[in-house]
$ cat work_38.cif   # mmCIF, C-alpha atoms
data_start
#
loop_
_atom_site.label_atom_id
_atom_site.label_comp_id
_atom_site.auth_asym_id
_atom_site.auth_seq_id
_atom_site.Cartn_x
_atom_site.Cartn_y
_atom_site.Cartn_z
CA MET A 1 129.72 125.34 128.88
CA ASP A 2 130.01 122.29 131.09
CA LEU A 3 126.82 122.25 133.16
CA ASN A 4 128.78 121.00 136.12
CA LYS A 5 130.85 124.19 136.09
CA LEU A 6 127.85 126.49 136.09
CA ASN A 7 126.71 127.82 139.42
CA LEU A 8 123.29 126.67 140.62
CA GLY A 9 121.50 129.79 139.39
CA GLU A 10 123.04 129.64 135.91
CA ALA A 11 122.38 125.90 135.56
CA GLU A 12 118.75 126.31 136.63
CA ILE A 13 118.18 129.15 134.17
CA PHE A 14 119.70 127.09 131.36
CA ARG A 15 117.59 124.04 132.22
CA GLN A 16 114.37 126.06 132.37
CA ILE A 17 115.07 127.60 128.98
CA ALA A 18 115.96 124.23 127.49
CA ASP A 19 113.01 122.40 129.06
CA HIS A 20 110.52 124.88 127.60
CA SER A 21 112.11 125.00 124.16
CA HIS A 22 110.60 123.25 121.14
CA LEU A 23 114.16 122.74 119.89
CA GLY A 24 116.00 119.56 120.73
CA ILE A 25 118.99 120.80 122.74
CA TRP A 26 122.15 118.78 123.39
CA VAL A 27 125.30 119.73 125.25
CA LEU A 28 128.48 117.75 124.55
CA ASN A 29 131.82 118.04 126.32
CA PRO A 30 134.99 118.80 124.29
CA GLN A 31 135.54 115.06 123.82
CA GLY A 32 132.14 114.68 122.14
CA LEU A 33 130.31 112.94 124.97
CA VAL A 34 126.74 114.04 125.65
CA VAL A 35 126.36 115.54 129.11
CA TYR A 36 122.84 116.94 128.72
CA PHE A 37 119.78 116.73 126.45
CA ASN A 38 116.28 118.10 126.92
CA GLU A 39 112.82 116.55 126.58
CA ALA A 40 112.29 118.00 123.10
CA ALA A 41 115.41 116.16 121.90
CA VAL A 42 114.00 112.89 123.21
CA LYS A 43 110.65 113.57 121.54
CA ILE A 44 112.25 114.39 118.18
CA TRP A 45 114.11 111.08 118.25
CA ALA A 46 111.02 109.03 119.28
CA GLY A 47 110.19 109.44 122.95
CA SER A 48 110.11 106.31 125.07
CA LEU A 49 112.00 104.27 122.47
CA PHE A 50 115.00 106.53 122.84
CA ALA A 51 117.72 104.41 124.42
CA GLY A 52 120.29 107.14 125.14
CA PRO A 53 123.15 108.80 123.25
CA GLU A 54 125.82 106.16 123.65
CA SER A 55 127.45 106.85 120.28
CA TYR A 56 126.86 108.62 117.01
CA GLY A 57 126.22 105.23 115.44
CA ASP A 58 122.87 105.03 117.25
CA PHE A 59 121.58 107.97 115.24
CA LYS A 60 120.74 107.51 111.57
CA ALA A 61 120.52 110.52 109.27
CA TRP A 62 120.95 111.39 105.61
CA ASP A 63 122.02 114.67 104.06
CA ILE A 64 119.11 115.96 101.96
CA GLU A 65 121.33 117.56 99.32
CA THR A 66 123.63 114.60 98.68
CA GLY A 67 121.46 111.69 99.85
CA LYS A 68 124.49 110.33 101.71
CA GLN A 69 124.03 108.67 105.10
CA LEU A 70 125.99 110.56 107.75
CA ALA A 71 129.08 108.95 109.19
CA SER A 72 130.42 110.08 112.58
CA GLU A 73 132.64 112.73 111.00
CA ASP A 74 129.70 114.22 109.05
CA TRP A 75 127.76 115.31 112.12
CA GLY A 76 127.92 118.97 113.09
CA ALA A 77 129.19 118.21 116.59
CA TRP A 78 132.13 116.26 115.16
CA LYS A 79 132.99 119.15 112.81
CA VAL A 80 133.01 121.52 115.76
CA MET A 81 135.17 119.19 117.83
CA MET A 82 137.69 118.26 115.13
CA ASN A 83 137.75 121.28 112.79
CA ASP A 84 136.48 124.15 114.96
CA GLU A 85 133.63 124.64 112.45
CA THR A 86 130.21 126.09 113.16
CA VAL A 87 127.32 124.28 111.48
CA ILE A 88 124.01 126.09 111.06
CA ASP A 89 120.73 124.54 109.86
CA GLN A 90 122.06 121.42 108.18
CA LEU A 91 118.93 119.81 106.64
CA LEU A 92 118.83 116.11 107.49
CA ARG A 93 116.40 113.27 106.99
CA ILE A 94 116.47 111.14 110.13
CA GLU A 95 115.28 107.69 111.11
CA ARG A 96 113.71 107.92 114.55
CA PHE A 97 114.16 105.17 117.10
CA ASP A 98 110.63 103.89 116.35
CA GLY A 99 111.50 103.47 112.67
CA GLU A 100 109.55 106.51 111.48
CA MET A 101 111.26 109.05 109.24
CA GLY A 102 111.53 112.76 109.98
CA MET A 103 113.42 115.88 108.98
CA ILE A 104 115.45 118.22 111.15
CA LEU A 105 117.59 121.30 110.85
CA ASN A 106 120.75 120.42 112.74
CA SER A 107 123.05 123.12 114.15
CA ALA A 108 126.25 122.75 116.16
CA ILE A 109 127.95 125.69 117.85
CA PRO A 110 131.28 125.76 119.76
CA ILE A 111 131.19 127.20 123.29
CA LYS A 112 134.57 128.62 124.33
CA ASP A 113 136.02 130.21 127.45
CA GLU A 114 137.66 133.63 127.57
CA LYS A 115 140.93 132.12 126.31
CA GLY A 116 139.26 130.64 123.23
CA LYS A 117 139.44 127.08 124.52
CA LEU A 118 136.55 124.77 123.58
CA THR A 119 134.56 123.99 126.72
CA ALA A 120 131.38 122.53 125.24
CA ILE A 121 129.44 121.95 122.05
CA LEU A 122 125.85 123.13 121.80
CA VAL A 123 123.72 121.12 119.34
CA MET A 124 120.18 122.10 118.37
CA ASN A 125 117.66 120.00 116.42
CA HIS A 126 114.70 121.80 114.88
CA ASP A 127 112.02 119.31 113.83
CA VAL A 128 110.74 120.47 110.40
CA THR A 129 108.96 117.24 109.42
CA GLU A 130 105.49 118.80 109.26
CA LEU A 131 106.80 122.01 107.70
CA LYS A 132 108.52 120.13 104.88
CA ALA A 133 105.44 117.92 104.39
CA SER A 134 103.33 121.06 104.09
CA GLU A 135 105.76 122.54 101.59
CA ALA A 136 105.63 119.29 99.60
CA ARG A 137 101.82 119.43 99.54
CA GLN A 138 101.94 123.02 98.32
CA GLU A 139 104.41 122.06 95.60
CA GLU A 140 102.11 119.19 94.62
CA ILE A 141 99.16 121.56 94.31
CA VAL A 142 101.23 123.84 92.09
CA ARG A 143 102.23 120.83 89.97
CA ILE A 144 98.61 119.73 89.68
CA VAL A 145 97.40 123.18 88.72
CA SER A 146 100.19 123.72 86.18
CA HIS A 147 100.05 120.22 84.65
CA ASP A 148 96.61 118.71 85.11
CA LEU A 149 94.57 121.82 84.39
CA LYS A 150 96.57 122.78 81.31
CA ASN A 151 94.89 120.42 78.83
CA PRO A 152 91.23 121.00 79.80
CA LEU A 153 91.78 124.76 80.02
CA HIS A 154 93.41 124.67 76.58
CA ALA A 155 90.38 122.79 75.22
CA ILE A 156 88.04 125.41 76.72
CA LEU A 157 90.09 128.24 75.21
CA MET A 158 90.30 126.68 71.75
CA SER A 159 86.61 125.74 71.63
CA SER A 160 85.48 129.18 72.81
CA GLN A 161 87.71 130.85 70.20
CA LEU A 162 86.29 128.63 67.46
CA LEU A 163 82.77 129.45 68.61
CA GLN A 164 83.54 133.17 68.46
CA GLN A 165 84.92 132.82 64.94
CA LYS A 166 82.25 130.52 63.52
CA VAL A 167 79.08 131.11 65.50
CA GLU A 168 77.48 133.39 62.90
CA MET A 169 78.29 131.00 60.05
CA LEU A 170 77.08 127.96 62.00
CA VAL A 171 73.82 129.69 62.94
CA SER A 172 73.20 130.98 59.41
CA THR A 173 73.80 127.55 57.91
CA GLY A 174 71.75 125.84 60.59
CA ASN A 175 74.66 123.68 61.77
CA ILE A 176 73.32 123.34 65.30
CA LYS A 177 75.11 120.00 65.78
CA LYS A 178 78.50 121.67 65.46
CA LEU A 179 77.47 124.36 67.93
CA HIS A 180 76.49 121.68 70.43
CA HIS A 181 79.81 119.95 69.77
CA TYR A 182 81.90 122.98 70.72
CA ALA A 183 79.66 123.81 73.67
CA GLY A 184 79.91 120.20 74.84
CA ILE A 185 83.72 120.30 74.80
CA ILE A 186 83.67 123.49 76.88
CA THR A 187 81.25 121.94 79.39
CA SER A 188 83.20 118.67 79.56
CA SER A 189 86.57 120.36 79.98
CA ALA A 190 85.22 122.72 82.64
CA THR A 191 83.85 119.68 84.51
CA VAL A 192 87.28 118.03 84.38
CA CYS A 193 88.80 121.21 85.86
CA MET A 194 86.21 121.23 88.62
CA GLY A 195 86.93 117.57 89.35
CA ILE A 196 90.64 118.30 89.80
CA VAL A 197 89.86 121.19 92.15
CA LYS A 198 87.44 118.96 94.08
CA ASP A 199 90.10 116.25 94.44
CA ILE A 200 92.49 118.78 95.96
CA LEU A 201 89.84 120.05 98.38
CA ASP A 202 88.79 116.50 99.30
CA MET A 203 92.41 115.59 99.98
CA ALA A 204 92.64 118.46 102.43
CA LYS A 205 89.46 117.21 104.16
CA LEU A 206 90.76 113.64 104.32
CA GLU A 207 93.88 114.80 106.15
CA LYS A 208 91.62 116.21 108.88
CA GLY A 209 89.25 113.25 109.26
CA PRO A 210 87.20 110.51 107.53
CA PHE A 211 84.70 111.10 104.77
CA GLU A 212 81.16 111.98 105.71
CA VAL A 213 78.30 111.09 103.37
CA GLU A 214 74.80 112.54 103.15
CA SER A 215 72.60 109.77 101.78
CA SER A 216 69.28 109.93 99.97
CA GLN A 217 67.26 107.74 97.60
CA PHE A 218 67.63 108.32 93.84
CA LEU A 219 67.56 106.47 90.51
CA ALA A 220 70.76 105.12 88.98
CA SER A 221 69.47 106.11 85.54
CA ALA A 222 69.13 109.76 86.62
CA LEU A 223 72.69 109.72 87.94
CA LEU A 224 74.20 108.22 84.80
CA ASN A 225 72.13 110.40 82.49
CA SER A 226 73.57 113.47 84.23
CA LEU A 227 77.04 112.26 83.20
CA ARG A 228 76.23 111.87 79.50
CA PRO A 229 76.30 115.57 78.54
CA ILE A 230 79.77 115.76 80.06
CA TYR A 231 81.46 112.68 78.60
CA ASP A 232 79.57 111.96 75.35
CA PRO A 233 81.16 115.01 73.62
CA LEU A 234 84.66 114.00 74.80
CA ALA A 235 84.15 110.45 73.54
CA ASP A 236 82.65 111.70 70.27
CA TYR A 237 85.64 114.01 69.76
CA ARG A 238 87.96 110.97 70.01
CA ASN A 239 85.61 108.72 67.98
CA ILE A 240 85.21 106.48 71.04
CA ALA A 241 82.00 104.45 71.29
CA LEU A 242 80.67 105.25 74.77
CA ASN A 243 77.74 102.99 75.67
CA TRP A 244 75.50 103.57 78.69
CA GLU A 245 73.56 100.48 79.73
CA ILE A 246 71.08 101.81 82.25
CA SER A 247 68.08 100.12 83.81
CA PRO A 248 65.42 102.74 84.59
CA ALA A 249 64.23 100.98 87.76
CA ILE A 250 67.42 100.61 89.83
CA GLU A 251 67.37 102.73 92.98
CA ILE A 252 70.42 103.81 94.99
CA TYR A 253 70.63 104.95 98.58
CA GLY A 254 73.74 107.06 99.05
CA ASP A 255 75.40 110.43 98.63
CA ARG A 256 74.52 111.34 95.05
CA GLU A 257 77.23 113.99 94.66
CA ARG A 258 79.93 111.65 95.96
CA ILE A 259 78.84 108.69 93.83
CA PHE A 260 78.69 111.02 90.82
CA GLN A 261 82.30 111.92 91.66
CA VAL A 262 83.36 108.24 91.68
CA ILE A 263 81.75 107.38 88.34
CA SER A 264 82.96 110.61 86.78
CA ASN A 265 86.53 109.81 87.82
CA ILE A 266 86.42 106.26 86.43
CA VAL A 267 84.74 107.22 83.14
CA GLY A 268 87.12 110.16 82.73
CA ASN A 269 90.10 107.84 83.19
CA ALA A 270 88.63 105.39 80.68
CA ILE A 271 88.32 108.12 78.04
CA LYS A 272 91.83 109.37 78.81
CA PHE A 273 93.49 105.97 78.37
CA THR A 274 91.31 104.44 75.64
CA PRO A 275 92.80 104.99 72.16
CA ASP A 276 90.85 106.74 69.42
CA SER A 277 88.06 104.57 67.92
CA GLY A 278 88.00 102.44 71.07
CA LYS A 279 85.00 101.34 73.14
CA ILE A 280 83.80 102.09 76.66
CA SER A 281 80.76 100.59 78.40
CA VAL A 282 79.11 101.89 81.57
CA MET A 283 76.74 99.39 83.17
CA CYS A 284 74.62 99.19 86.30
CA SER A 285 72.93 96.08 87.70
CA GLU A 286 71.50 94.92 91.04
CA ASN A 287 70.75 91.93 93.21
CA GLU A 288 69.01 91.56 96.56
CA LYS A 289 71.89 93.05 98.58
CA GLU A 290 73.73 95.55 96.40
CA VAL A 291 73.96 97.66 93.27
CA LEU A 292 76.92 96.95 90.98
CA PHE A 293 78.53 99.51 88.66
CA GLN A 294 80.97 98.47 85.96
CA VAL A 295 83.06 100.58 83.58
CA SER A 296 84.87 98.62 80.84
CA ASP A 297 87.29 100.00 78.26
CA THR A 298 89.52 98.82 75.42
CA GLY A 299 92.56 100.71 76.66
CA PRO A 300 96.09 99.36 77.12
CA GLY A 301 95.26 97.53 80.34
CA ILE A 302 97.17 97.59 83.61
CA GLN A 303 100.23 95.55 84.57
CA CYS A 304 99.72 93.04 87.39
CA GLU A 305 102.15 94.79 89.75
CA HIS A 306 100.05 97.97 89.60
CA LEU A 307 96.65 96.42 90.32
CA LYS A 308 97.05 96.22 94.11
CA LYS A 309 98.46 99.74 94.35
CA ILE A 310 96.22 101.65 91.97
CA PHE A 311 93.92 102.90 94.76
CA GLN A 312 96.82 104.18 96.88
CA LYS A 313 97.28 107.91 97.43
CA ASN A 314 99.34 109.63 94.70
CA TYR A 315 100.03 106.30 92.94
CA GLN A 316 100.76 106.66 89.23
CA VAL A 317 100.71 103.75 86.78
CA GLN A 318 102.63 105.69 84.15
CA GLU A 319 106.26 106.73 84.60
CA LYS A 320 105.32 110.24 83.46
CA PRO A 321 102.27 111.21 85.55
CA THR A 322 99.22 112.53 83.67
CA SER A 323 96.94 113.14 86.66
CA THR A 324 96.90 114.03 90.34
CA GLY A 325 97.03 110.42 91.49
CA LEU A 326 94.23 111.28 93.94
CA GLY A 327 91.08 110.34 92.01
CA LEU A 328 90.99 106.58 92.61
CA TYR A 329 92.26 106.98 96.18
CA ILE A 330 89.38 109.34 96.95
CA ALA A 331 86.96 107.06 95.07
CA GLU A 332 87.88 104.18 97.38
CA MET A 333 87.37 106.42 100.42
CA ILE A 334 83.91 107.38 99.16
CA ILE A 335 82.81 103.81 98.39
CA SER A 336 84.18 102.55 101.72
CA ALA A 337 82.25 105.29 103.53
CA HIS A 338 79.09 103.89 101.89
CA GLY A 339 79.91 100.34 103.01
CA GLY A 340 80.69 99.21 99.47
CA LYS A 341 83.71 97.82 97.65
CA ILE A 342 85.74 98.97 94.64
CA TRP A 343 88.19 96.95 92.56
CA VAL A 344 89.69 96.55 89.09
CA GLU A 345 90.29 93.64 86.73
CA SER A 346 92.77 94.13 83.92
CA HIS A 347 95.33 92.47 81.69
CA PRO A 348 97.91 94.25 79.50
CA GLY A 349 96.56 94.72 75.99
CA GLN A 350 93.04 93.62 76.97
CA GLY A 351 91.60 96.77 78.52
CA SER A 352 90.35 97.31 82.07
CA LYS A 353 87.15 96.78 84.04
CA PHE A 354 86.46 98.87 87.12
CA PHE A 355 83.75 97.74 89.53
CA PHE A 356 82.18 99.14 92.64
CA THR A 357 79.23 98.12 94.75
CA LEU A 358 76.80 100.00 96.95
CA PRO A 359 74.49 98.39 99.54
CA ARG A 360 70.81 98.47 98.60
CA LYS A 361 69.98 100.14 101.92
#
$ encode --input "work_38.cif" --output "structure tokens"
Amino acid sequence: MDLNKLNLGEAEIFRQIADHSHLGIWVLNPQGLVVYFNEAAVKIWAGSLFAGPESYGDFKAWDIETGKQLASEDWGAWKVMMNDETVIDQLLRIERFDGEMGMILNSAIPIKDEKGKLTAILVMNHDVTELKASEARQEEIVRIVSHDLKNPLHAILMSSQLLQQKVEMLVSTGNIKKLHHYAGIITSSATVCMGIVKDILDMAKLEKGPFEVESSQFLASALLNSLRPIYDPLADYRNIALNWEISPAIEIYGDRERIFQVISNIVGNAIKFTPDSGKISVMCSENEKEVLFQVSDTGPGIQCEHLKKIFQKNYQVQEKPTSTGLGLYIAEMIISAHGGKIWVESHPGQGSKFFFTLPRK
């Protein structure tokens, strides 16, 4: 299929089909030299930075299954030329000419004349970068749902079963405190589940655009007091001393639901990582310009190399992840949208202190 051997009508039809195709289309002669490529091929390999197909060495790709970087003989076109093979949908990770990474399905098909002689090699690149990214996000959601929701849902199930079994005895003996304890665990665990779902939904919103906040004036004490029914039972269950140091007069101007989400995430993490019989303090103070929140714990602390990365998307401090890795990333987005700052101070074995500020106005 040498384009030069096609008559004008055939060549024009081929070019029109190729020019309107979303597939990157290449035509190579029997010696492996590129004689034609369309605009989609240039776009897939990075547009204006594309220097031209002088050799296979200019193109960097890795086989997804093996992780091996492709040598010249590993490309589909080479297999067609040397071994008379047909390669269909070889999944490759590629490095574009601008340095960005992508993924393609690479196919190479021999074009032969009526005598069976190879006259050209047709190569097609299907850019599946976004498709594979979407599949990865879907897999991540499944992982989150199956892993992160398992523990709080188990706590809800166990507490509700215990309530069903013991409610009559607890009521008859007047053990209202124990009733509140089980009900508190159910409420707290359900709130954790809702937080995970909210993180997933917020992540989807962040991929479409920046955070938007709806600000109003409210008291810091009212905000923190709304957290106590959720986290006091969880701390009590683990024998963790959870102290709330709240000034009744501090006012905040911001998105109450979003700020609630930030504090809830930080306090929830503190309870998760603080050992039994530990201590957690939640404090709020102010000066002329800003309101400062601080959550301190007696957990294991955070290694120095993790401190600068802890607010990155999907970053996990532990080798075996125990959360979505989205909470602190979203928290930073929320605080930044308010014009504030968020940071952490920690040393291994000495616990952690999370801070964030909000402008007074």
$ closest_residue --input "work_38.cif" --among "A:Ala270, A:Val192, A:Ile156, A:Ala71" --to "A:Gly299" --atoms "all atoms listed in the file"
A:Ala270
$ atom_distance --input "work_38.cif" --atom1 "atom CA of A:Arg258" --atom2 "atom CA of A:Ile246"
19.1 Å
$ closest_residue --input "work_38.cif" --among "A:Ile342, A:Ile186, A:Met124, A:Ile94" --to "A:Ala61" --atoms "all atoms listed in the file"
A:Ile94
$ atom_distance --input "work_38.cif" --atom1 "atom CA of A:Thr119" --atom2 "atom CA of A:Val80"
11.3 Å
$ residues_around --input "work_38.cif" --residues "A:Val291" --least-positions-apart "2" --cutoff "7 Å" --atoms "all atoms listed in the file" --output "VMD selection string"
chain A and resid 285 to 287 293 357 to 360
$ residues_around --input "work_38.cif" --residues "stretch 31-34 of chain A" --least-positions-apart "6" --cutoff "8 Å" --atoms "all atoms listed in the file" --output "PyMOL selection string"
chain A and resi 53+77-78+81+121
$ closest_residue --input "work_38.cif" --among "A:Cys193, A:Ala337, A:Ile88, A:Leu170" --to "A:Ser215" --atoms "only C-alpha atoms"
A:Ala337
$ resolve_selection --input "work_38.cif" --expression "the PyMOL selection byres ((chain A and resi 331) around 9)" --output "JSON, numbers by chain"
{"A": [258, 259, 261, 262, 263, 265, 266, 311, 326, 327, 328, 329, 330, 332, 333, 334, 335, 336, 342]}
$ atom_distance --input "work_38.cif" --atom1 "atom CA of A:Leu179" --atom2 "atom CA of A:Gln161"
12.3 Å
$ resolve_selection --input "work_38.cif" --expression "the PyMOL selection byres ((chain A and resi 253) around 12)" --output "ChimeraX atom specification"
/A:213-220,223,250-252,254-259,289-291,338-340,357-361
$ write_last_selection --input "work_38.cif" --atoms "C-alpha atoms" --output "CSV table (one decimal), in the frame of the given file"
chain,number,residue,atom,x,y,z
A,213,VAL,CA,78.3,111.1,103.4
A,214,GLU,CA,74.8,112.5,103.2
A,215,SER,CA,72.6,109.8,101.8
A,216,SER,CA,69.3,109.9,100.0
A,217,GLN,CA,67.3,107.7,97.6
A,218,PHE,CA,67.6,108.3,93.8
A,219,LEU,CA,67.6,106.5,90.5
A,220,ALA,CA,70.8,105.1,89.0
A,223,LEU,CA,72.7,109.7,87.9
A,250,ILE,CA,67.4,100.6,89.8
A,251,GLU,CA,67.4,102.7,93.0
A,252,ILE,CA,70.4,103.8,95.0
A,254,GLY,CA,73.7,107.1,99.0
A,255,ASP,CA,75.4,110.4,98.6
A,256,ARG,CA,74.5,111.3,95.0
A,257,GLU,CA,77.2,114.0,94.7
A,258,ARG,CA,79.9,111.6,96.0
A,259,ILE,CA,78.8,108.7,93.8
A,289,LYS,CA,71.9,93.0,98.6
A,290,GLU,CA,73.7,95.6,96.4
A,291,VAL,CA,74.0,97.7,93.3
A,338,HIS,CA,79.1,103.9,101.9
A,339,GLY,CA,79.9,100.3,103.0
A,340,GLY,CA,80.7,99.2,99.5
A,357,THR,CA,79.2,98.1,94.8
A,358,LEU,CA,76.8,100.0,97.0
A,359,PRO,CA,74.5,98.4,99.5
A,360,ARG,CA,70.8,98.5,98.6
A,361,LYS,CA,70.0,100.1,101.9
$ resolve_selection --input "work_38.cif" --expression "the PyMOL selection byres ((chain A and resi 283) around 10)" --output "list in words"
Leu224, Asn243, Trp244, Glu245, Ile246, Ser247, Ile280, Ser281, Val282, Cys284, Ser285, Leu292, Phe293, Gln294, Val295, Ser296 and Phe355 of chain A
$ residues_around --input "work_38.cif" --residues "A:Asn83" --least-positions-apart "5" --cutoff "12 Å" --atoms "all atoms listed in the file" --output "list in words"
Glu73, Asp74, Trp75, Gly76, Ala77, Trp78, Ile109, Pro110 and Leu118 of chain A
$ write_last_selection --input "work_38.cif" --atoms "C-alpha atoms" --output "mmCIF file, keeping the file's coordinate frame"
data_model
loop_
_atom_site.group_PDB
_atom_site.id
_atom_site.type_symbol
_atom_site.label_atom_id
_atom_site.label_comp_id
_atom_site.auth_asym_id
_atom_site.auth_seq_id
_atom_site.Cartn_x
_atom_site.Cartn_y
_atom_site.Cartn_z
ATOM 1 C CA GLU A 73 132.640 112.730 111.000
ATOM 2 C CA ASP A 74 129.700 114.220 109.050
ATOM 3 C CA TRP A 75 127.760 115.310 112.120
ATOM 4 C CA GLY A 76 127.920 118.970 113.090
ATOM 5 C CA ALA A 77 129.190 118.210 116.590
ATOM 6 C CA TRP A 78 132.130 116.260 115.160
ATOM 7 C CA ILE A 109 127.950 125.690 117.850
ATOM 8 C CA PRO A 110 131.280 125.760 119.760
ATOM 9 C CA LEU A 118 136.550 124.770 123.580
#
$ residues_near_point --input "work_38.cif" --point "(89.5, 110.6, 67.1)" --cutoff "9 Å" --atoms "all atoms listed in the file" --output "PyMOL selection string"
chain A and resi 235-240+275-277
$ residues_around --input "work_38.cif" --residues "A:Tyr182" --least-positions-apart "6" --cutoff "10 Å" --atoms "only C-alpha atoms" --output "VMD selection string"
chain A and resid 155 to 156 158 to 163 188 233 237
